[in-house]
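Trainee: Take a look at the following structure, please.
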Amino acid sequence: MTDLGGTSDAVAFVGDWSGQLVATSVHAGHELRPEIAEAMVLDEAERFREEDPFTDRLAAVVPDHVVTRRSRFEADLNRPRREAVYRTPDDCWGLEVWRGGELSDELFEGSLATYDAFYDALAPRLDAVAERGPFVLLDVHSYNHRRDGADAPPAPAEENPEVNVGTGSLDHDLFGPLVERFMGDLRDASLGCGPLDARENVAFEGRNLAWWVHDRYPRVGCVLALEFKKTFMDEWSGELHPDRLRSAQLGLEAALPGLHEELGRL
């Protein structure tokens, strides 16, 4: 693992980044810098529910991946910079996050520094990857499907696939066959539990990280923004279901060889 000097407590890189397949899990972090933690009034369990716990373990099936430790409530790395720091409840689903109702300018600037450190560190590594040719970045997230309460029915499966593959900003003319191969391989990875329900752009199409990569590396970078439904954990208690997480890891791992093959064809 390679740490980043003064930002080593926020971002680190695993692997040698010598291949054309990498992964991120930018909402997996839960840590806060001390001054942000002191200013926060949001209940920790509620914050944990809005983060993407354990998605770092999914991203880790790709040998070359990024570890981000800070919470999205410090800096949301998947939003444009101007929207990346939640200052008021309107910025984050109506949640009361900060003592006094709004984040101070000083703390806001510190959180932007966390945001900038991530992209400043990622850019040179992806530049080197892009110089070798087309690459895929798996942008791993998760989403809640029991928002009506722990004892309420889950959201309808018709609108909530097990894996939502977001491709809203990628070059479909070039990468369309790769996307279809990946989706097919995910669905085929049933692991004895029936076909894996993987669908494209049902509720999520990918956001800032995908936009940034596709803008910086046109016709070279391909981001697949993966939203795993939180069936691998209890989103209300935070309890992990290890067997289900392992199934998700194995399903994703089974789709990696096809990505390498498709990249080899480009």
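Residue names in the structure tokens use chain letters A, B, ... in the order shown, residue numbers from 1 in each chain, and ligand numbers from 1 in the order shown.
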As a VMD selection string, which residues of range 105-200 of chain A does DSSP assign to alpha helix (DSSP H)?
Mentor: chain A and resid 105 to 131 172 to 188
Trainee: Okay, now the selection with C-alpha atoms, as a PDB file, in the first residue's frame?
Mentor:
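Dumped to result_3.pdb:
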```pdb
ATOM      1  CA  ASP A 105     -16.181  28.468   6.254  1.00  0.00           C
ATOM      2  CA  GLU A 106     -12.985  27.291   7.919  1.00  0.00           C
ATOM      3  CA  LEU A 107     -14.121  23.685   8.195  1.00  0.00           C
ATOM      4  CA  PHE A 108     -15.560  23.855   4.690  1.00  0.00           C
ATOM      5  CA  GLU A 109     -12.155  24.800   3.261  1.00  0.00           C
ATOM      6  CA  GLY A 110     -10.486  21.978   5.179  1.00  0.00           C
ATOM      7  CA  SER A 111     -12.915  19.481   3.701  1.00  0.00           C
ATOM      8  CA  LEU A 112     -12.250  20.783   0.207  1.00  0.00           C
ATOM      9  CA  ALA A 113      -8.573  20.046   0.865  1.00  0.00           C
ATOM     10  CA  THR A 114      -9.535  16.397   1.540  1.00  0.00           C
ATOM     11  CA  TYR A 115     -11.425  16.350  -1.752  1.00  0.00           C
ATOM     12  CA  ASP A 116      -8.564  17.904  -3.689  1.00  0.00           C
ATOM     13  CA  ALA A 117      -6.020  15.518  -2.173  1.00  0.00           C
ATOM     14  CA  PHE A 118      -7.927  12.545  -3.572  1.00  0.00           C
ATOM     15  CA  TYR A 119      -8.105  13.805  -7.143  1.00  0.00           C
ATOM     16  CA  ASP A 120      -4.577  15.215  -7.050  1.00  0.00           C
ATOM     17  CA  ALA A 121      -3.294  11.771  -6.050  1.00  0.00           C
ATOM     18  CA  LEU A 122      -5.486   9.800  -8.442  1.00  0.00           C
ATOM     19  CA  ALA A 123      -4.700  11.863 -11.534  1.00  0.00           C
ATOM     20  CA  PRO A 124      -1.016  10.937 -12.030  1.00  0.00           C
ATOM     21  CA  ARG A 125      -1.701   7.263 -11.436  1.00  0.00           C
ATOM     22  CA  LEU A 126      -4.507   7.183 -13.977  1.00  0.00           C
ATOM     23  CA  ASP A 127      -2.441   9.284 -16.369  1.00  0.00           C
ATOM     24  CA  ALA A 128       0.135   6.490 -16.389  1.00  0.00           C
ATOM     25  CA  VAL A 129      -2.552   3.852 -16.875  1.00  0.00           C
ATOM     26  CA  ALA A 130      -4.110   5.822 -19.751  1.00  0.00           C
ATOM     27  CA  GLU A 131      -0.777   6.209 -21.509  1.00  0.00           C
ATOM     28  CA  HIS A 172     -21.159   3.593 -25.636  1.00  0.00           C
ATOM     29  CA  ASP A 173     -20.035   3.492 -29.259  1.00  0.00           C
ATOM     30  CA  LEU A 174     -16.602   2.363 -28.117  1.00  0.00           C
ATOM     31  CA  PHE A 175     -17.263   0.597 -24.833  1.00  0.00           C
ATOM     32  CA  GLY A 176     -20.765  -0.785 -25.435  1.00  0.00           C
ATOM     33  CA  PRO A 177     -19.576  -4.362 -26.127  1.00  0.00           C
ATOM     34  CA  LEU A 178     -17.456  -4.280 -22.966  1.00  0.00           C
ATOM     35  CA  VAL A 179     -20.463  -3.183 -20.921  1.00  0.00           C
ATOM     36  CA  GLU A 180     -22.635  -5.943 -22.389  1.00  0.00           C
ATOM     37  CA  ARG A 181     -19.962  -8.540 -21.669  1.00  0.00           C
ATOM     38  CA  PHE A 182     -19.602  -7.347 -18.092  1.00  0.00           C
ATOM     39  CA  MET A 183     -23.354  -7.348 -17.496  1.00  0.00           C
ATOM     40  CA  GLY A 184     -23.680 -10.831 -18.953  1.00  0.00           C
ATOM     41  CA  ASP A 185     -20.817 -12.175 -16.863  1.00  0.00           C
ATOM     42  CA  LEU A 186     -22.327 -10.686 -13.709  1.00  0.00           C
ATOM     43  CA  ARG A 187     -25.680 -12.303 -14.445  1.00  0.00           C
ATOM     44  CA  ASP A 188     -24.031 -15.645 -15.159  1.00  0.00           C
TER      45      ASP A 188
END
```
Trainee: So that I can check the secondary structure, give me every residue of range 39-241 of chain A assigned strand (DSSP E) by backbone DSSP, as a list in words.
Mentor: His65, Val66, Val67, Thr68, Phe135, Val136, Leu137, Leu138, Asp139, Val140, His141, Ser142, Tyr143, Val163, Asn164, Val165, Gly166, Ala198, Arg199, Glu200, Gly221, Cys222, Val223, Leu224, Ala225, Leu226, Glu227, Phe228 and Lys229 of chain A
Trainee: Between CA of Leu77 in chain A and CA of Leu209 in chain A, what is the spacing in Å?
Mentor: 7.3 Å
Trainee: Which one is closest to Gly258 in chain A: A:Ala75, A:Val41, A:Ala157, A:Leu21? Count only C-alpha atoms.
Mentor: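 Using only C-alpha atoms, the shortest distance to Gly258 in chain A belongs to A:Leu21.
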Trainee: Please, what distance in Å, to one decimal, runs between CA of Asp90 in chain A and CA of Arg146 in chain A?
Mentor: 21.8 Å
Trainee: Kindly give the distance, in Å, that separates CA of Val223 in chain A and CA of Arg207 in chain A, rounded to a single decimal.
Mentor: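 If I compute the distance from CA of Val223 in chain A to CA of Arg207 in chain A, I get 10.0 Å.
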Trainee: Rank nothing, just name the residue among A:Ala152, A:Ala37, A:Leu266, A:Val202 nearest to Arg132 in chain A, using only C-alpha atoms.
Mentor: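 The closest residue to Arg132 in chain A is A:Leu266.
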Trainee: Would you pick out the contacts of Glu162 in chain A at 7 Å or less, using only C-alpha atoms, so that residues sharing its chain but fewer than 6 positions from it are not included, and give the list as a PDB file with C-alpha atoms, in the first residue's frame?
Mentor:
```pdb
ATOM      1  CA  LEU A 196     -27.630 -12.281 -10.338  1.00  0.00           C
ATOM      2  CA  ASP A 197     -29.960  -9.371 -11.102  1.00  0.00           C
ATOM      3  CA  ALA A 198     -27.592  -6.891 -12.781  1.00  0.00           C
ATOM      4  CA  PHE A 228     -24.691  -3.016  -4.940  1.00  0.00           C
ATOM      5  CA  LYS A 229     -28.005  -3.268  -3.112  1.00  0.00           C
TER       6      LYS A 229
END
```
Trainee: Using only C-alpha atoms, determine which residues lie at most 6 Å from range 138-143 of chain A, disregarding the query and same-chain residues fewer than 6 positions distant; provide the list as a PyMOL selection string.
Mentor: chain A and resi 23-25+52+223-230
Trainee: Show me, as an NGL selection string, the residues that have an atom within 12 Å of Asp234 in chain A when counting only C-alpha atoms, minus same-chain residues fewer than 2 positions from it.
Mentor: :A and (45 or 48-49 or 52-54 or 143-147 or 149-151 or 154 or 229-232 or 236-242 or 244-245)
Trainee: May I ask which of the residues A:Cys222, A:Ser104, A:Asp148, A:Asn208 is the closest one to Thr167 in chain A, counting only C-alpha atoms?
Mentor: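 Checking each candidate against Thr167 in chain A, we get A:Cys222 as the closest.
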Trainee: When you count only C-alpha atoms, which of these residues is closest to Glu261 in chain A: A:Leu58, A:Met233, A:Val14, A:Val136?
Mentor: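 Counting only C-alpha atoms, the residue closest to Glu261 in chain A is A:Val136.
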Trainee: Taking 6 positions as the minimum chain separation for residues in the same chain, which residues sit within 8 Å of Phe204 in chain A when counting only C-alpha atoms? Answer as a PyMOL selection string.
Mentor: chain A and resi 164-166+227
Trainee: Find, counting only C-alpha atoms, the residue in A:Val62, A:Val213, A:Ala189, A:Ala203 that gets nearest to Asp16 in chain A.
Mentor: A:Val62
Trainee: Write out as a list in words which residues come within 10 Å of Arg47 in chain A when counting only C-alpha atoms, dropping same-chain ones fewer than 4 positions away.
Mentor: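 Listing them by chain and then by number gives His30, Leu42, Asp43, Glu51, Asp52, Ser71, Arg72, Phe73, Leu95 and Val97 of chain A.
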Trainee: With only C-alpha atoms as the atoms that count, which of A:Glu102, A:Glu253, A:Glu50, A:Asp64 lies nearest to Asp76 in chain A?
Mentor: A:Glu50
